[in-house]
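run.pdb (PDB, C-alpha atoms, pLDDT in the B column) appears below.
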MODEL        1
ATOM      1  CA  MET A  23       5.729-110.187 -45.645  1.00 51.00           C
ATOM      2  CA  LYS A  24       5.767-110.854 -49.364  1.00 46.00           C
ATOM      3  CA  SER A  25       9.130-111.222 -51.079  1.00 46.00           C
ATOM      4  CA  LEU A  26       9.428-108.938 -54.092  1.00 45.00           C
ATOM      5  CA  ILE A  27      12.975-109.917 -55.025  1.00 38.00           C
ATOM      6  CA  GLY A  28      13.033-112.167 -58.057  1.00 37.00           C
ATOM      7  CA  SER A  29       9.685-110.902 -59.382  1.00 34.00           C
ATOM      8  CA  THR A  30       9.229-108.844 -62.511  1.00 28.00           C
ATOM      9  CA  LEU A  31       9.354-105.408 -60.947  1.00 33.00           C
ATOM     10  CA  VAL A  32      10.404-101.855 -61.651  1.00 32.00           C
ATOM     11  CA  ALA A  33      14.012-102.405 -60.604  1.00 31.00           C
ATOM     12  CA  ALA A  34      16.336-105.370 -60.237  1.00 32.00           C
ATOM     13  CA  ALA A  35      17.482-106.310 -56.771  1.00 33.00           C
ATOM     14  CA  VAL A  36      21.142-106.128 -55.848  1.00 32.00           C
ATOM     15  CA  LEU A  37      23.036-106.501 -52.609  1.00 34.00           C
ATOM     16  CA  ALA A  38      23.453-103.520 -50.355  1.00 36.00           C
ATOM     17  CA  GLY A  39      26.788-101.958 -51.184  1.00 36.00           C
ATOM     18  CA  CYS A  40      26.571-102.955 -54.854  1.00 40.00           C
ATOM     19  CA  SER A  41      25.093 -99.804 -56.317  1.00 43.00           C
ATOM     20  CA  ASP A  42      24.846 -98.261 -59.751  1.00 47.00           C
ATOM     21  CA  ALA A  43      25.237 -94.771 -58.244  1.00 60.00           C
ATOM     22  CA  GLY A  44      28.067 -93.178 -56.320  1.00 75.00           C
ATOM     23  CA  PRO A  45      27.752 -91.471 -52.952  1.00 92.00           C
ATOM     24  CA  VAL A  46      25.249 -88.611 -52.811  1.00 92.00           C
ATOM     25  CA  LYS A  47      25.022 -85.816 -50.235  1.00 91.00           C
ATOM     26  CA  ALA A  48      21.815 -85.680 -48.219  1.00 88.00           C
ATOM     27  CA  GLY A  49      21.052 -82.253 -49.670  1.00 90.00           C
ATOM     28  CA  ASP A  50      20.961 -83.736 -53.163  1.00 93.00           C
ATOM     29  CA  LEU A  51      18.270 -86.294 -52.287  1.00 94.00           C
ATOM     30  CA  ALA A  52      14.539 -85.877 -51.719  1.00 94.00           C
ATOM     31  CA  PHE A  53      13.321 -88.126 -48.909  1.00 94.00           C
ATOM     32  CA  ILE A  54       9.809 -89.545 -48.852  1.00 93.00           C
ATOM     33  CA  THR A  55       7.957 -88.268 -45.798  1.00 92.00           C
ATOM     34  CA  LEU A  56       4.856 -89.144 -43.816  1.00 92.00           C
ATOM     35  CA  PRO A  57       2.111 -86.497 -43.759  1.00 90.00           C
ATOM     36  CA  PRO A  58       0.904 -85.051 -40.429  1.00 88.00           C
ATOM     37  CA  ALA A  59      -2.299 -87.078 -40.774  1.00 86.00           C
ATOM     38  CA  ALA A  60      -0.421 -90.405 -40.802  1.00 89.00           C
ATOM     39  CA  PRO A  61      -1.161 -92.571 -37.752  1.00 89.00           C
ATOM     40  CA  GLN A  62       1.450 -93.102 -35.079  1.00 91.00           C
ATOM     41  CA  LEU A  63       3.457 -96.291 -35.228  1.00 94.00           C
ATOM     42  CA  CYS A  64       2.491 -99.028 -32.812  1.00 96.00           C
ATOM     43  CA  ALA A  65       6.142 -98.838 -31.679  1.00 95.00           C
ATOM     44  CA  ASP A  66       9.074 -96.932 -33.168  1.00 95.00           C
ATOM     45  CA  SER A  67      11.546 -99.752 -32.505  1.00 97.00           C
ATOM     46  CA  VAL A  68      11.666-103.519 -32.357  1.00 97.00           C
ATOM     47  CA  GLY A  69      14.350-106.082 -31.585  1.00 97.00           C
ATOM     48  CA  ALA A  70      14.755-109.836 -31.248  1.00 97.00           C
ATOM     49  CA  TRP A  71      17.341-112.570 -30.903  1.00 97.00           C
ATOM     50  CA  PHE A  72      18.110-114.500 -34.095  1.00 96.00           C
ATOM     51  CA  LYS A  73      19.864-117.865 -34.010  1.00 94.00           C
ATOM     52  CA  ASN A  74      22.335-118.964 -36.660  1.00 94.00           C
ATOM     53  CA  ASP A  75      20.665-122.190 -37.786  1.00 92.00           C
ATOM     54  CA  PRO A  76      21.152-123.106 -41.471  1.00 86.00           C
ATOM     55  CA  ASN A  77      18.470-125.772 -41.073  1.00 90.00           C
ATOM     56  CA  GLY A  78      16.034-123.514 -39.272  1.00 91.00           C
ATOM     57  CA  GLN A  79      13.279-121.238 -40.539  1.00 92.00           C
ATOM     58  CA  ASP A  80      13.250-117.625 -41.685  1.00 94.00           C
ATOM     59  CA  SER A  81      12.318-115.125 -38.963  1.00 95.00           C
ATOM     60  CA  THR A  82      10.865-111.628 -39.336  1.00 96.00           C
ATOM     61  CA  ILE A  83      10.491-108.534 -37.183  1.00 97.00           C
ATOM     62  CA  THR A  84       8.213-105.660 -38.163  1.00 97.00           C
ATOM     63  CA  LEU A  85       7.258-102.089 -37.376  1.00 97.00           C
ATOM     64  CA  ASP A  86       3.513-101.571 -37.827  1.00 96.00           C
ATOM     65  CA  PHE A  87       0.777 -98.971 -38.075  1.00 95.00           C
ATOM     66  CA  PRO A  88      -2.771 -99.544 -36.832  1.00 94.00           C
ATOM     67  CA  ALA A  89      -4.829-100.607 -39.844  1.00 92.00           C
ATOM     68  CA  PRO A  90      -7.360 -98.091 -41.230  1.00 89.00           C
ATOM     69  CA  GLY A  91     -10.377 -98.040 -38.924  1.00 90.00           C
ATOM     70  CA  ALA A  92      -8.645-100.131 -36.248  1.00 92.00           C
ATOM     71  CA  PRO A  93      -7.970 -98.852 -32.712  1.00 92.00           C
ATOM     72  CA  LEU A  94      -5.029 -96.442 -32.601  1.00 90.00           C
ATOM     73  CA  ASP A  95      -3.564 -98.350 -29.656  1.00 92.00           C
ATOM     74  CA  CYS A  96      -2.845-101.248 -32.034  1.00 94.00           C
ATOM     75  CA  SER A  97      -5.083-103.613 -30.074  1.00 93.00           C
ATOM     76  CA  GLY A  98      -6.742-104.590 -33.363  1.00 93.00           C
ATOM     77  CA  ALA A  99      -5.554-105.140 -36.917  1.00 95.00           C
ATOM     78  CA  THR A 100      -2.255-103.609 -38.029  1.00 95.00           C
ATOM     79  CA  GLU A 101      -0.491-102.978 -41.326  1.00 94.00           C
ATOM     80  CA  GLN A 102       3.222-103.314 -41.884  1.00 95.00           C
ATOM     81  CA  PHE A 103       5.506-100.307 -42.278  1.00 95.00           C
ATOM     82  CA  LEU A 104       8.849-102.138 -42.216  1.00 96.00           C
ATOM     83  CA  GLY A 105       9.662-105.817 -42.263  1.00 97.00           C
ATOM     84  CA  LEU A 106      13.112-107.337 -41.796  1.00 97.00           C
ATOM     85  CA  ARG A 107      13.479-111.007 -42.674  1.00 96.00           C
ATOM     86  CA  ILE A 108      16.548-112.899 -41.503  1.00 96.00           C
ATOM     87  CA  ARG A 109      16.696-116.046 -43.579  1.00 92.00           C
ATOM     88  CA  ALA A 110      17.896-119.415 -42.339  1.00 91.00           C
ATOM     89  CA  GLY A 111      21.662-119.368 -42.762  1.00 89.00           C
ATOM     90  CA  SER A 112      21.849-115.578 -43.253  1.00 95.00           C
ATOM     91  CA  LEU A 113      24.032-114.833 -40.244  1.00 96.00           C
ATOM     92  CA  TRP A 114      27.725-115.016 -41.148  1.00 96.00           C
ATOM     93  CA  ARG A 115      30.058-112.719 -39.181  1.00 97.00           C
ATOM     94  CA  PHE A 116      29.825-110.748 -35.962  1.00 97.00           C
ATOM     95  CA  PRO A 117      30.652-107.014 -36.112  1.00 95.00           C
ATOM     96  CA  ASN A 118      34.187-107.862 -34.923  1.00 95.00           C
ATOM     97  CA  GLY A 119      34.678-110.058 -38.004  1.00 95.00           C
ATOM     98  CA  ASN A 120      34.517-113.408 -36.243  1.00 97.00           C
ATOM     99  CA  LEU A 121      32.431-116.136 -37.845  1.00 97.00           C
ATOM    100  CA  ILE A 122      29.047-116.726 -36.203  1.00 97.00           C
ATOM    101  CA  PRO A 123      29.003-120.415 -35.233  1.00 96.00           C
ATOM    102  CA  ASP A 124      25.941-122.581 -35.673  1.00 94.00           C
ATOM    103  CA  GLY A 125      23.675-122.213 -32.663  1.00 94.00           C
ATOM    104  CA  ALA A 126      24.930-118.746 -31.723  1.00 96.00           C
ATOM    105  CA  SER A 127      22.435-115.881 -31.486  1.00 95.00           C
ATOM    106  CA  VAL A 128      22.598-112.199 -32.387  1.00 97.00           C
ATOM    107  CA  PHE A 129      20.281-109.467 -31.084  1.00 98.00           C
ATOM    108  CA  ILE A 130      19.001-107.439 -34.058  1.00 97.00           C
ATOM    109  CA  TYR A 131      17.367-104.073 -33.546  1.00 96.00           C
ATOM    110  CA  VAL A 132      15.420-101.767 -35.865  1.00 97.00           C
ATOM    111  CA  LYS A 133      14.445 -98.186 -34.988  1.00 96.00           C
ATOM    112  CA  TRP A 134      12.528 -95.579 -36.963  1.00 95.00           C
ATOM    113  CA  VAL A 135      14.648 -92.405 -36.691  1.00 92.00           C
ATOM    114  CA  GLY A 136      13.140 -90.289 -39.436  1.00 80.00           C
ATOM    115  CA  SER A 137      10.774 -87.954 -37.574  1.00 81.00           C
ATOM    116  CA  ASP A 138       8.532 -87.574 -40.634  1.00 86.00           C
ATOM    117  CA  SER A 139      10.924 -89.251 -43.102  1.00 89.00           C
ATOM    118  CA  ILE A 140      10.928 -92.956 -43.899  1.00 92.00           C
ATOM    119  CA  LEU A 141      14.330 -93.472 -42.312  1.00 93.00           C
ATOM    120  CA  PHE A 142      15.474 -96.409 -40.181  1.00 95.00           C
ATOM    121  CA  ASN A 143      18.549 -97.445 -38.228  1.00 95.00           C
ATOM    122  CA  LEU A 144      19.368-101.165 -38.245  1.00 96.00           C
ATOM    123  CA  GLN A 145      21.778-102.599 -35.674  1.00 96.00           C
ATOM    124  CA  PRO A 146      24.260-104.062 -34.894  1.00 96.00           C
ATOM    125  CA  SER A 147      26.414-102.103 -37.292  1.00 92.00           C
ATOM    126  CA  GLY A 148      29.100-104.319 -38.821  1.00 93.00           C
ATOM    127  CA  LEU A 149      27.033-107.512 -38.776  1.00 96.00           C
ATOM    128  CA  ILE A 150      27.565-109.379 -42.071  1.00 96.00           C
ATOM    129  CA  PHE A 151      25.172-111.761 -43.826  1.00 96.00           C
ATOM    130  CA  HIS A 152      25.992-114.517 -46.320  1.00 94.00           C
ATOM    131  CA  GLN A 153      25.859-113.339 -49.923  1.00 91.00           C
ATOM    132  CA  ASN A 154      23.815-116.387 -50.904  1.00 92.00           C
ATOM    133  CA  THR A 155      21.247-115.857 -48.124  1.00 93.00           C
ATOM    134  CA  PRO A 156      21.086-112.096 -47.480  1.00 95.00           C
ATOM    135  CA  ALA A 157      18.641-110.450 -45.137  1.00 96.00           C
ATOM    136  CA  GLU A 158      15.590-108.856 -46.780  1.00 96.00           C
ATOM    137  CA  LEU A 159      14.327-105.367 -45.941  1.00 96.00           C
ATOM    138  CA  ASN A 160      10.759-104.540 -46.997  1.00 96.00           C
ATOM    139  CA  ILE A 161       9.245-101.068 -46.596  1.00 95.00           C
ATOM    140  CA  GLU A 162       5.650-100.163 -47.424  1.00 94.00           C
ATOM    141  CA  TYR A 163       5.084 -96.459 -48.080  1.00 93.00           C
ATOM    142  CA  THR A 164       1.269 -96.411 -48.323  1.00 92.00           C
ATOM    143  CA  GLU A 165       1.021 -94.019 -45.366  1.00 91.00           C
ATOM    144  CA  ALA A 166       3.139 -91.476 -47.282  1.00 92.00           C
ATOM    145  CA  GLY A 167       0.057 -90.809 -49.400  1.00 91.00           C
ATOM    146  CA  ASP A 168      -0.149 -90.018 -53.108  1.00 92.00           C
ATOM    147  CA  ASP A 169       1.585 -86.616 -52.985  1.00 92.00           C
ATOM    148  CA  LEU A 170       5.048 -88.154 -53.003  1.00 93.00           C
ATOM    149  CA  ASN A 171       6.896 -84.979 -53.975  1.00 90.00           C
ATOM    150  CA  ASP A 172       5.068 -83.058 -51.243  1.00 89.00           C
ATOM    151  CA  ASP A 173       4.102 -80.125 -53.476  1.00 90.00           C
ATOM    152  CA  GLY A 174       0.449 -80.055 -52.417  1.00 89.00           C
ATOM    153  CA  HIS A 175      -0.821 -81.670 -55.638  1.00 90.00           C
ATOM    154  CA  VAL A 176      -1.363 -85.248 -56.780  1.00 93.00           C
ATOM    155  CA  ASP A 177      -0.462 -85.381 -60.442  1.00 93.00           C
ATOM    156  CA  GLY A 178       1.815 -86.966 -63.013  1.00 93.00           C
ATOM    157  CA  ALA A 179       4.890 -85.667 -61.197  1.00 93.00           C
ATOM    158  CA  ASP A 180       4.103 -88.019 -58.319  1.00 91.00           C
ATOM    159  CA  ALA A 181       3.900 -90.975 -60.687  1.00 93.00           C
ATOM    160  CA  THR A 182       7.315 -90.008 -62.031  1.00 94.00           C
ATOM    161  CA  VAL A 183       8.711 -89.849 -58.503  1.00 93.00           C
ATOM    162  CA  GLU A 184       7.278 -93.255 -57.648  1.00 93.00           C
ATOM    163  CA  GLY A 185       9.013 -94.754 -60.664  1.00 92.00           C
ATOM    164  CA  VAL A 186      12.447 -93.702 -59.407  1.00 92.00           C
ATOM    165  CA  LEU A 187      12.078 -94.387 -55.684  1.00 94.00           C
ATOM    166  CA  ASP A 188      14.859 -96.445 -54.163  1.00 94.00           C
ATOM    167  CA  ILE A 189      16.207 -97.477 -50.803  1.00 95.00           C
ATOM    168  CA  TRP A 190      19.370 -95.555 -49.920  1.00 95.00           C
ATOM    169  CA  ARG A 191      21.852 -96.368 -47.164  1.00 95.00           C
ATOM    170  CA  GLN A 192      24.064 -94.218 -44.964  1.00 94.00           C
ATOM    171  CA  GLU A 193      26.755 -95.696 -42.729  1.00 90.00           C
ATOM    172  CA  ARG A 194      26.787 -92.823 -40.211  1.00 85.00           C
ATOM    173  CA  PRO A 195      24.621 -89.687 -39.901  1.00 86.00           C
ATOM    174  CA  ALA A 196      27.266 -87.380 -41.447  1.00 88.00           C
ATOM    175  CA  ASP A 197      28.156 -89.729 -44.325  1.00 92.00           C
ATOM    176  CA  PRO A 198      26.858 -89.488 -47.898  1.00 95.00           C
ATOM    177  CA  TRP A 199      24.047 -91.751 -49.097  1.00 96.00           C
ATOM    178  CA  VAL A 200      24.462 -94.666 -51.515  1.00 95.00           C
ATOM    179  CA  LYS A 201      21.674 -96.246 -53.560  1.00 93.00           C
ATOM    180  CA  VAL A 202      21.043 -99.850 -52.566  1.00 91.00           C
ATOM    181  CA  GLY A 203      19.036-101.105 -55.549  1.00 80.00           C
ATOM    182  CA  THR A 204      15.642-102.636 -54.997  1.00 81.00           C
ATOM    183  CA  GLY A 205      12.629-104.615 -56.044  1.00 89.00           C
ATOM    184  CA  HIS A 206       9.652-102.252 -56.262  1.00 88.00           C
ATOM    185  CA  ASN A 207       5.943-103.012 -56.603  1.00 89.00           C
ATOM    186  CA  GLU A 208       4.031 -99.790 -57.223  1.00 88.00           C
ATOM    187  CA  ASP A 209       0.666-101.580 -57.057  1.00 89.00           C
ATOM    188  CA  THR A 210       1.177-102.455 -53.386  1.00 90.00           C
ATOM    189  CA  ASN A 211       3.490 -99.542 -52.468  1.00 91.00           C
ATOM    190  CA  GLU A 212       6.237-101.952 -51.429  1.00 93.00           C
ATOM    191  CA  ILE A 213       9.952-101.557 -51.909  1.00 94.00           C
ATOM    192  CA  GLU A 214      12.456-104.228 -50.927  1.00 95.00           C
ATOM    193  CA  ALA A 215      16.221-104.673 -50.834  1.00 94.00           C
ATOM    194  CA  GLN A 216      18.573-107.512 -50.062  1.00 94.00           C
ATOM    195  CA  LEU A 217      21.122-106.621 -47.391  1.00 95.00           C
ATOM    196  CA  ASN A 218      24.558-107.999 -46.622  1.00 93.00           C
ATOM    197  CA  GLY A 219      24.966-105.643 -43.657  1.00 93.00           C
ATOM    198  CA  PHE A 220      23.308-102.980 -41.532  1.00 93.00           C
ATOM    199  CA  SER A 221      23.378 -99.183 -41.467  1.00 92.00           C
ATOM    200  CA  ARG A 222      20.776 -96.406 -41.864  1.00 94.00           C
ATOM    201  CA  PHE A 223      18.215 -96.837 -44.659  1.00 95.00           C
ATOM    202  CA  ALA A 224      15.697 -94.445 -46.195  1.00 94.00           C
ATOM    203  CA  ILE A 225      13.370 -94.185 -49.193  1.00 94.00           C
ATOM    204  CA  ALA A 226      14.438 -91.299 -51.422  1.00 94.00           C
ATOM    205  CA  TYR A 227      14.925 -90.166 -55.021  1.00 93.00           C
TER     206      TYR A 227
ENDMDL
END

What's the structure tokens form of this structure?
Amino acid sequence: MKSLIGSTLVAAAVLAGCSDAGPVKAGDLAFITLPPAAPQLCADSVGAWFKNDPNGQDSTITLDFPAPGAPLDCSGATEQFLGLRIRAGSLWRFPNGNLIPDGASVFIYVKWVGSDSILFNLQPSGLIFHQNTPAELNIEYTEAGDDLNDDGHVDGADATVEGVLDIWRQERPADPWVKVGTGHNEDTNEIEAQLNGFSRFAIAY
């Protein structure tokens, strides 16, 4: 997974929760969706144990599609849909607020919950990462296709939409959405945010 944060991109990266926009109701956002022709994910969820080791290495979990032309059962090449990188020293506090001691492990879980929307739930809710070594969330929206506004036409309006795409977060399903702030590479259809905690995340405008 390439890191977009720190590159010269469309938008500057900021920590989740530090947004330049106030809360927005779901009905006031347009969510990027996957067309019916998009392949099925190899798995709609993934989880792993991550150890708090400031001297260790970064670790990543991903949700993947079968690559174009590869077997649909994902026995061949795959392409990334979502990548979550937990950096060495990222883990800071358990959901109950207690410090995570060196050597302790936390089970981290990612699930696609969007039906056709690019919407994910990251757990455990309440987990906190160090500000200096946040987690990194990378989403590739290639499978959404070029008709980003879903109006049946690929035109300049889609380019305008792509220029304002962002990752938005929602603490609970009934809550409003808040813009995270991202690094965005339109050439590779990648959008990335630095996270200091978990919730629900989606690509929208």

Evaluating the PyMOL selection byres ((chain A and resi 224) around 10) on the displayed file yields which residues, as an MDAnalysis selection string?
chainID A and resid 53:55 134:136 139:143 161 188:192 199 201:202 222:223 225:227

Expected selection from the PyMOL selection byres ((chain A and resi 95) around 12), given as an mmCIF file with C-alpha atoms, in the coordinates of the input:
data_model
loop_
_atom_site.group_PDB
_atom_site.id
_atom_site.type_symbol
_atom_site.label_atom_id
_atom_site.label_comp_id
_atom_site.auth_asym_id
_atom_site.auth_seq_id
_atom_site.Cartn_x
_atom_site.Cartn_y
_atom_site.Cartn_z
ATOM 1 C CA PRO A 61 -1.161 -92.571 -37.752
ATOM 2 C CA GLN A 62 1.450 -93.102 -35.079
ATOM 3 C CA LEU A 63 3.457 -96.291 -35.228
ATOM 4 C CA CYS A 64 2.491 -99.028 -32.812
ATOM 5 C CA ALA A 65 6.142 -98.838 -31.679
ATOM 6 C CA ASP A 86 3.513 -101.571 -37.827
ATOM 7 C CA PHE A 87 0.777 -98.971 -38.075
ATOM 8 C CA PRO A 88 -2.771 -99.544 -36.832
ATOM 9 C CA ALA A 89 -4.829 -100.607 -39.844
ATOM 10 C CA GLY A 91 -10.377 -98.040 -38.924
ATOM 11 C CA ALA A 92 -8.645 -100.131 -36.248
ATOM 12 C CA PRO A 93 -7.970 -98.852 -32.712
ATOM 13 C CA LEU A 94 -5.029 -96.442 -32.601
ATOM 14 C CA CYS A 96 -2.845 -101.248 -32.034
ATOM 15 C CA SER A 97 -5.083 -103.613 -30.074
ATOM 16 C CA GLY A 98 -6.742 -104.590 -33.363
ATOM 17 C CA ALA A 99 -5.554 -105.140 -36.917
ATOM 18 C CA THR A 100 -2.255 -103.609 -38.029
#

Could you check the closest approach to Thr164 (chain A) for each of A:His206, A:Ala181, A:Ala110, A:Phe103 and tell me which residue wins, using all atoms listed in the file?
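Going through A:His206, A:Ala181, A:Ala110, A:Phe103 one by one, the smallest distance to Thr164 (chain A) is for A:Phe103.
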
Within-10 Å shell of (25.6, -116.3, -29.7) in input frame, all atoms listed in the file, as a CSV table (one decimal) with C-alpha atoms, in the frame of the given file:
chain,number,residue,atom,x,y,z
A,71,TRP,CA,17.3,-112.6,-30.9
A,72,PHE,CA,18.1,-114.5,-34.1
A,73,LYS,CA,19.9,-117.9,-34.0
A,74,ASN,CA,22.3,-119.0,-36.7
A,116,PHE,CA,29.8,-110.7,-36.0
A,122,ILE,CA,29.0,-116.7,-36.2
A,123,PRO,CA,29.0,-120.4,-35.2
A,124,ASP,CA,25.9,-122.6,-35.7
A,125,GLY,CA,23.7,-122.2,-32.7
A,126,ALA,CA,24.9,-118.7,-31.7
A,127,SER,CA,22.4,-115.9,-31.5
A,128,VAL,CA,22.6,-112.2,-32.4
A,129,PHE,CA,20.3,-109.5,-31.1

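Shortest separation to Leu106 (chain A) among A:Gly185, A:Pro156, A:Gly119, A:Pro195 occurs at residue A:Pro156, atoms counted being all atoms listed in the file.
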
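Taking CA of Asn171 (chain A) and CA of Val132 (chain A) as the two end points, the separation is 26.1 Å.
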
Long-range neighbours of region 113-115 of chain A as a ChimeraX atom specification, 8 Å cut-off, all atoms listed in the file, 4 positions minimum in chain:
/A:74,108,119-122,149-152

Expected file: the selected residues, C-alpha atoms, as a CSV table (one decimal), keeping the file's coordinate frame:
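Everything below was put into result.csv:
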chain,number,residue,atom,x,y,z
A,74,ASN,CA,22.3,-119.0,-36.7
A,108,ILE,CA,16.5,-112.9,-41.5
A,119,GLY,CA,34.7,-110.1,-38.0
A,120,ASN,CA,34.5,-113.4,-36.2
A,121,LEU,CA,32.4,-116.1,-37.8
A,122,ILE,CA,29.0,-116.7,-36.2
A,149,LEU,CA,27.0,-107.5,-38.8
A,150,ILE,CA,27.6,-109.4,-42.1
A,151,PHE,CA,25.2,-111.8,-43.8
A,152,HIS,CA,26.0,-114.5,-46.3

Counting all atoms listed in the file, the option among A:Glu101, A:Glu162, A:Asp138, A:Asp80 closest to Glu212 (chain A)
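When distances to Glu212 (chain A) are compared using all atoms listed in the file, the smallest one comes from A:Glu162.
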
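Atom pair CA of Ala59 (chain A) / CA of Asp173 (chain A) has a distance of 15.8 Å (rounded to one decimal).
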
Carefully work through the PyMOL selection byres ((chain A and resi 69) around 6) for this structure and note down the residues it includes, as a PDB file with C-alpha atoms, in the coordinates of the input.
ATOM      1  CA  VAL A  68      11.666-103.519 -32.357  1.00 97.00           C
ATOM      2  CA  ALA A  70      14.755-109.836 -31.248  1.00 97.00           C
ATOM      3  CA  ILE A 130      19.001-107.439 -34.058  1.00 97.00           C
ATOM      4  CA  TYR A 131      17.367-104.073 -33.546  1.00 96.00           C
TER       5      TYR A 131
END

Å distance separating CA of Leu159 (chain A) from CA of Gly203 (chain A), one decimal place:
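So the answer is 11.5 Å.
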
Which is closer to Ser81 (chain A) than all the others in A:Gly205, A:Leu104, A:Leu56, A:Arg109, using all atoms listed in the file?
A:Arg109

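Nearest residue to Glu214 (chain A), choosing from A:Asp180, A:Pro45, A:Asn160, A:Ala166 and counting only C-alpha atoms: A:Asn160.
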
Proximity to Asp75 (chain A) - best of A:Gly174, A:Gly219, A:Pro117, A:Gly111, all atoms listed in the file
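Ranked by minimum distance to Asp75 (chain A), first place goes to A:Gly111.
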
Dump of region 97-118 of chain A from preceding block, N, CA and C atoms, as a PDB file, in the first residue's frame:
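And here's result15.pdb as it stands now:
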ATOM      1  N   SER A  97      -8.217 -16.810  -6.213  1.00  0.00           N
ATOM      2  CA  SER A  97      -7.088 -17.734  -6.149  1.00  0.00           C
ATOM      3  C   SER A  97      -5.892 -17.207  -6.938  1.00  0.00           C
ATOM      4  N   GLY A  98      -6.092 -16.134  -7.693  1.00  0.00           N
ATOM      5  CA  GLY A  98      -5.005 -15.529  -8.456  1.00  0.00           C
ATOM      6  C   GLY A  98      -4.679 -14.136  -7.943  1.00  0.00           C
ATOM      7  N   ALA A  99      -4.341 -13.245  -8.851  1.00  0.00           N
ATOM      8  CA  ALA A  99      -3.966 -11.887  -8.481  1.00  0.00           C
ATOM      9  C   ALA A  99      -5.182 -11.130  -7.938  1.00  0.00           C
ATOM     10  N   THR A 100      -4.918 -10.205  -7.024  1.00  0.00           N
ATOM     11  CA  THR A 100      -5.968  -9.372  -6.448  1.00  0.00           C
ATOM     12  C   THR A 100      -5.552  -7.907  -6.517  1.00  0.00           C
ATOM     13  N   GLU A 101      -6.534  -7.023  -6.346  1.00  0.00           N
ATOM     14  CA  GLU A 101      -6.242  -5.595  -6.249  1.00  0.00           C
ATOM     15  C   GLU A 101      -6.914  -5.059  -4.996  1.00  0.00           C
ATOM     16  N   GLN A 102      -6.265  -4.120  -4.366  1.00  0.00           N
ATOM     17  CA  GLN A 102      -6.714  -3.632  -3.066  1.00  0.00           C
ATOM     18  C   GLN A 102      -7.924  -2.716  -3.197  1.00  0.00           C
ATOM     19  N   PHE A 103      -8.870  -2.893  -2.298  1.00  0.00           N
ATOM     20  CA  PHE A 103     -10.019  -2.007  -2.143  1.00  0.00           C
ATOM     21  C   PHE A 103      -9.792  -1.088  -0.951  1.00  0.00           C
ATOM     22  N   LEU A 104      -9.449  -1.685   0.186  1.00  0.00           N
ATOM     23  CA  LEU A 104      -9.135  -0.929   1.405  1.00  0.00           C
ATOM     24  C   LEU A 104      -7.872  -1.480   2.019  1.00  0.00           C
ATOM     25  N   GLY A 105      -7.035  -0.586   2.511  1.00  0.00           N
ATOM     26  CA  GLY A 105      -5.860  -0.983   3.270  1.00  0.00           C
ATOM     27  C   GLY A 105      -5.796  -0.189   4.558  1.00  0.00           C
ATOM     28  N   LEU A 106      -5.545  -0.855   5.662  1.00  0.00           N
ATOM     29  CA  LEU A 106      -5.389  -0.192   6.955  1.00  0.00           C
ATOM     30  C   LEU A 106      -4.006  -0.520   7.486  1.00  0.00           C
ATOM     31  N   ARG A 107      -3.184   0.506   7.620  1.00  0.00           N
ATOM     32  CA  ARG A 107      -1.822   0.329   8.132  1.00  0.00           C
ATOM     33  C   ARG A 107      -1.749   0.819   9.575  1.00  0.00           C
ATOM     34  N   ILE A 108      -1.332  -0.076  10.454  1.00  0.00           N
ATOM     35  CA  ILE A 108      -1.067   0.284  11.847  1.00  0.00           C
ATOM     36  C   ILE A 108       0.445   0.411  11.971  1.00  0.00           C
ATOM     37  N   ARG A 109       0.900   1.607  12.212  1.00  0.00           N
ATOM     38  CA  ARG A 109       2.335   1.865  12.244  1.00  0.00           C
ATOM     39  C   ARG A 109       2.928   1.444  13.579  1.00  0.00           C
ATOM     40  N   ALA A 110       4.229   1.165  13.565  1.00  0.00           N
ATOM     41  CA  ALA A 110       4.927   0.834  14.803  1.00  0.00           C
ATOM     42  C   ALA A 110       4.757   1.992  15.794  1.00  0.00           C
ATOM     43  N   GLY A 111       4.266   1.697  16.967  1.00  0.00           N
ATOM     44  CA  GLY A 111       4.050   2.740  17.959  1.00  0.00           C
ATOM     45  C   GLY A 111       2.724   3.458  17.833  1.00  0.00           C
ATOM     46  N   SER A 112       1.844   3.025  16.913  1.00  0.00           N
ATOM     47  CA  SER A 112       0.549   3.698  16.753  1.00  0.00           C
ATOM     48  C   SER A 112      -0.379   3.479  17.948  1.00  0.00           C
ATOM     49  N   LEU A 113      -0.420   2.258  18.445  1.00  0.00           N
ATOM     50  CA  LEU A 113      -1.382   1.931  19.496  1.00  0.00           C
ATOM     51  C   LEU A 113      -1.083   2.708  20.774  1.00  0.00           C
ATOM     52  N   TRP A 114      -2.119   3.353  21.318  1.00  0.00           N
ATOM     53  CA  TRP A 114      -1.914   4.219  22.492  1.00  0.00           C
ATOM     54  C   TRP A 114      -2.837   3.850  23.640  1.00  0.00           C
ATOM     55  N   ARG A 115      -4.165   3.897  23.426  1.00  0.00           N
ATOM     56  CA  ARG A 115      -5.103   3.637  24.511  1.00  0.00           C
ATOM     57  C   ARG A 115      -6.182   2.646  24.082  1.00  0.00           C
ATOM     58  N   PHE A 116      -6.514   1.749  25.015  1.00  0.00           N
ATOM     59  CA  PHE A 116      -7.639   0.847  24.811  1.00  0.00           C
ATOM     60  C   PHE A 116      -8.945   1.647  24.777  1.00  0.00           C
ATOM     61  N   PRO A 117     -10.039   1.046  24.294  1.00  0.00           N
ATOM     62  CA  PRO A 117     -11.325   1.747  24.306  1.00  0.00           C
ATOM     63  C   PRO A 117     -11.760   2.218  25.700  1.00  0.00           C
ATOM     64  N   ASN A 118     -11.307   1.554  26.754  1.00  0.00           N
ATOM     65  CA  ASN A 118     -11.671   1.993  28.107  1.00  0.00           C
ATOM     66  C   ASN A 118     -10.805   3.142  28.608  1.00  0.00           C
TER      67      ASN A 118
END
